[in-house]
Amino acid sequence: MVVNDHGLTLGVDSAGTWLIWDQHHAASPVRDRLLWLLPLLERPPDVVVPGIAAIDAGGELMSALVRSALGSASQYWTSMALRWLEAGYPVGEFANTLAALKDSPLQTQPVRHRALTLWRKAVSIC
């Protein structure tokens, strides 16, 4: 799967390990380069998830990416992760992360309000 327009590609090796590479670097395990996948959050989840879900049945990869973006110091990536949750990506497992986000003085008011709304949804599911 193409991650961005700059040559980043996501794939799986024969052992089922997620790898990411570009034209300048050898393949690296995604766990070492998770931030390289952030551009996937710029696409709607219904475009990205089906391609990933065929291999990652448990959704661990995308959940790790969303969690990482929610904890990012970048308002942009936090907003992209919130957009995924608002678009229907399963919110239940992010209740604790959203609780911290909604109360964070480092976040803008719009981000805190969006996190609050999603946190309420997450705790109602659990």
# chains A, B, ... in the order shown; residues from 1 in each chain; ligands from 1
>>> residues_around(residues="stretch 59-65 of chain A", least_positions_apart="2", cutoff="8 Å", atoms="only C-alpha atoms", output="number ranges by chain")
A: 34-35, 37-38, 49, 52-53, 56-57, 67-69
>>> residues_around(residues="A:Glu86", least_positions_apart="3", cutoff="10 Å", atoms="only C-alpha atoms", output="PyMOL selection string")
chain A and resi 80-83+89-91+114-115+117-118
>>> write_last_selection(atoms="N, CA and C atoms", output="short mmCIF file (atom, residue, chain, number, x, y, z; two decimals), in the first residue's frame")
data_model
loop_
_atom_site.label_atom_id
_atom_site.label_comp_id
_atom_site.auth_asym_id
_atom_site.auth_seq_id
_atom_site.Cartn_x
_atom_site.Cartn_y
_atom_site.Cartn_z
N MET A 80 -6.36 14.82 12.76
CA MET A 80 -6.57 13.76 11.77
C MET A 80 -7.05 12.48 12.46
N ALA A 81 -6.47 12.16 13.62
CA ALA A 81 -6.89 10.98 14.36
C ALA A 81 -8.32 11.15 14.88
N LEU A 82 -8.66 12.33 15.36
CA LEU A 82 -10.03 12.59 15.81
C LEU A 82 -11.01 12.47 14.65
N ARG A 83 -10.59 12.92 13.48
CA ARG A 83 -11.44 12.81 12.29
C ARG A 83 -11.74 11.34 11.99
N TYR A 89 -14.28 5.06 12.96
CA TYR A 89 -13.28 4.09 13.41
C TYR A 89 -13.60 3.76 14.86
N PRO A 90 -13.52 2.48 15.27
CA PRO A 90 -13.93 2.08 16.62
C PRO A 90 -13.27 2.92 17.72
N VAL A 91 -14.10 3.53 18.54
CA VAL A 91 -13.64 4.50 19.52
C VAL A 91 -13.43 3.89 20.91
N ARG A 114 -13.89 18.12 20.80
CA ARG A 114 -14.05 16.93 19.96
C ARG A 114 -13.68 15.68 20.75
N ALA A 115 -12.60 15.76 21.52
CA ALA A 115 -12.18 14.62 22.34
C ALA A 115 -13.23 14.30 23.40
N THR A 117 -16.51 14.80 23.22
CA THR A 117 -17.63 14.14 22.54
C THR A 117 -17.31 12.68 22.26
N LEU A 118 -16.12 12.42 21.76
CA LEU A 118 -15.72 11.05 21.44
C LEU A 118 -15.51 10.24 22.71
#
>>> residues_around(residues="A:Ala73", least_positions_apart="2", cutoff="12 Å", atoms="only C-alpha atoms", output="MDAnalysis selection string")
chainID A and resid 68:71 75:79 101 104 106:108
>>> select_by_dssp(residues="stretch 1-86 of chain A", states="strand (DSSP E)", output="PDB file with C-alpha atoms, in the first residue's frame")
ATOM      1  CA  THR A   9       5.237   1.986   0.885  1.00  0.00           C
ATOM      2  CA  LEU A  10       3.674  -0.311   3.465  1.00  0.00           C
ATOM      3  CA  GLY A  11       3.701  -4.081   3.110  1.00  0.00           C
ATOM      4  CA  VAL A  12       4.015  -7.401   4.878  1.00  0.00           C
ATOM      5  CA  TRP A  18       4.515  -5.092   8.727  1.00  0.00           C
ATOM      6  CA  LEU A  19       7.326  -3.292   6.901  1.00  0.00           C
ATOM      7  CA  ILE A  20       7.708   0.222   5.568  1.00  0.00           C
ATOM      8  CA  TRP A  21      10.248   1.394   3.046  1.00  0.00           C
ATOM      9  CA  ASP A  22      11.025   4.153   0.615  1.00  0.00           C
ATOM     10  CA  HIS A  25      15.986   3.112   2.818  1.00  0.00           C
ATOM     11  CA  ALA A  26      15.831  -0.623   3.219  1.00  0.00           C
ATOM     12  CA  ALA A  27      12.592  -2.041   4.601  1.00  0.00           C
ATOM     13  CA  SER A  28      12.128  -1.401   8.324  1.00  0.00           C
ATOM     14  CA  PRO A  29       9.624  -2.913  10.733  1.00  0.00           C
TER      15      PRO A  29
END
>>> decode(residues="stretch 37-56 of chain A", atoms="N, CA and C atoms", output="mmCIF file, in the first residue's frame")
data_model
loop_
_atom_site.group_PDB
_atom_site.id
_atom_site.type_symbol
_atom_site.label_atom_id
_atom_site.label_comp_id
_atom_site.auth_asym_id
_atom_site.auth_seq_id
_atom_site.Cartn_x
_atom_site.Cartn_y
_atom_site.Cartn_z
ATOM 1 N N LEU A 37 3.784 6.454 9.008
ATOM 2 C CA LEU A 37 2.449 6.093 8.525
ATOM 3 C C LEU A 37 1.405 7.179 8.752
ATOM 4 N N LEU A 38 1.753 8.243 9.443
ATOM 5 C CA LEU A 38 0.777 9.298 9.725
ATOM 6 C C LEU A 38 0.034 9.792 8.484
ATOM 7 N N PRO A 39 0.662 9.880 7.315
ATOM 8 C CA PRO A 39 -0.095 10.336 6.140
ATOM 9 C C PRO A 39 -1.316 9.470 5.811
ATOM 10 N N LEU A 40 -1.353 8.239 6.285
ATOM 11 C CA LEU A 40 -2.545 7.412 6.061
ATOM 12 C C LEU A 40 -3.778 8.031 6.716
ATOM 13 N N LEU A 41 -3.571 8.783 7.796
ATOM 14 C CA LEU A 41 -4.698 9.419 8.489
ATOM 15 C C LEU A 41 -5.297 10.572 7.696
ATOM 16 N N GLU A 42 -4.605 11.007 6.652
ATOM 17 C CA GLU A 42 -5.149 12.065 5.802
ATOM 18 C C GLU A 42 -6.207 11.521 4.844
ATOM 19 N N ARG A 43 -6.277 10.211 4.719
ATOM 20 C CA ARG A 43 -7.305 9.566 3.899
ATOM 21 C C ARG A 43 -8.434 9.106 4.807
ATOM 22 N N PRO A 44 -9.630 8.985 4.261
ATOM 23 C CA PRO A 44 -10.745 8.485 5.080
ATOM 24 C C PRO A 44 -10.497 7.033 5.514
ATOM 25 N N PRO A 45 -10.945 6.678 6.713
ATOM 26 C CA PRO A 45 -10.715 5.305 7.185
ATOM 27 C C PRO A 45 -11.327 4.249 6.269
ATOM 28 N N ASP A 46 -12.447 4.555 5.617
ATOM 29 C CA ASP A 46 -13.072 3.548 4.755
ATOM 30 C C ASP A 46 -12.268 3.298 3.482
ATOM 31 N N VAL A 47 -11.260 4.121 3.218
ATOM 32 C CA VAL A 47 -10.354 3.899 2.095
ATOM 33 C C VAL A 47 -9.140 3.080 2.551
ATOM 34 N N VAL A 48 -8.623 3.377 3.743
ATOM 35 C CA VAL A 48 -7.400 2.755 4.237
ATOM 36 C C VAL A 48 -7.662 1.396 4.891
ATOM 37 N N VAL A 49 -8.648 1.341 5.760
ATOM 38 C CA VAL A 49 -8.857 0.153 6.592
ATOM 39 C C VAL A 49 -9.087 -1.135 5.803
ATOM 40 N N PRO A 50 -9.881 -1.143 4.741
ATOM 41 C CA PRO A 50 -10.084 -2.406 4.036
ATOM 42 C C PRO A 50 -8.791 -3.040 3.518
ATOM 43 N N GLY A 51 -7.874 -2.248 3.012
ATOM 44 C CA GLY A 51 -6.609 -2.780 2.524
ATOM 45 C C GLY A 51 -5.732 -3.327 3.629
ATOM 46 N N ILE A 52 -5.798 -2.702 4.782
ATOM 47 C CA ILE A 52 -5.008 -3.137 5.934
ATOM 48 C C ILE A 52 -5.678 -4.340 6.600
ATOM 49 N N ALA A 53 -6.994 -4.296 6.716
ATOM 50 C CA ALA A 53 -7.732 -5.331 7.441
ATOM 51 C C ALA A 53 -7.593 -6.705 6.804
ATOM 52 N N ALA A 54 -7.349 -6.745 5.507
ATOM 53 C CA ALA A 54 -7.183 -8.037 4.841
ATOM 54 C C ALA A 54 -5.990 -8.796 5.424
ATOM 55 N N ILE A 55 -5.021 -8.064 5.956
ATOM 56 C CA ILE A 55 -3.819 -8.689 6.514
ATOM 57 C C ILE A 55 -3.809 -8.586 8.038
ATOM 58 N N ASP A 56 -4.217 -7.447 8.565
ATOM 59 C CA ASP A 56 -4.160 -7.154 10.007
ATOM 60 C C ASP A 56 -5.556 -7.311 10.600
#
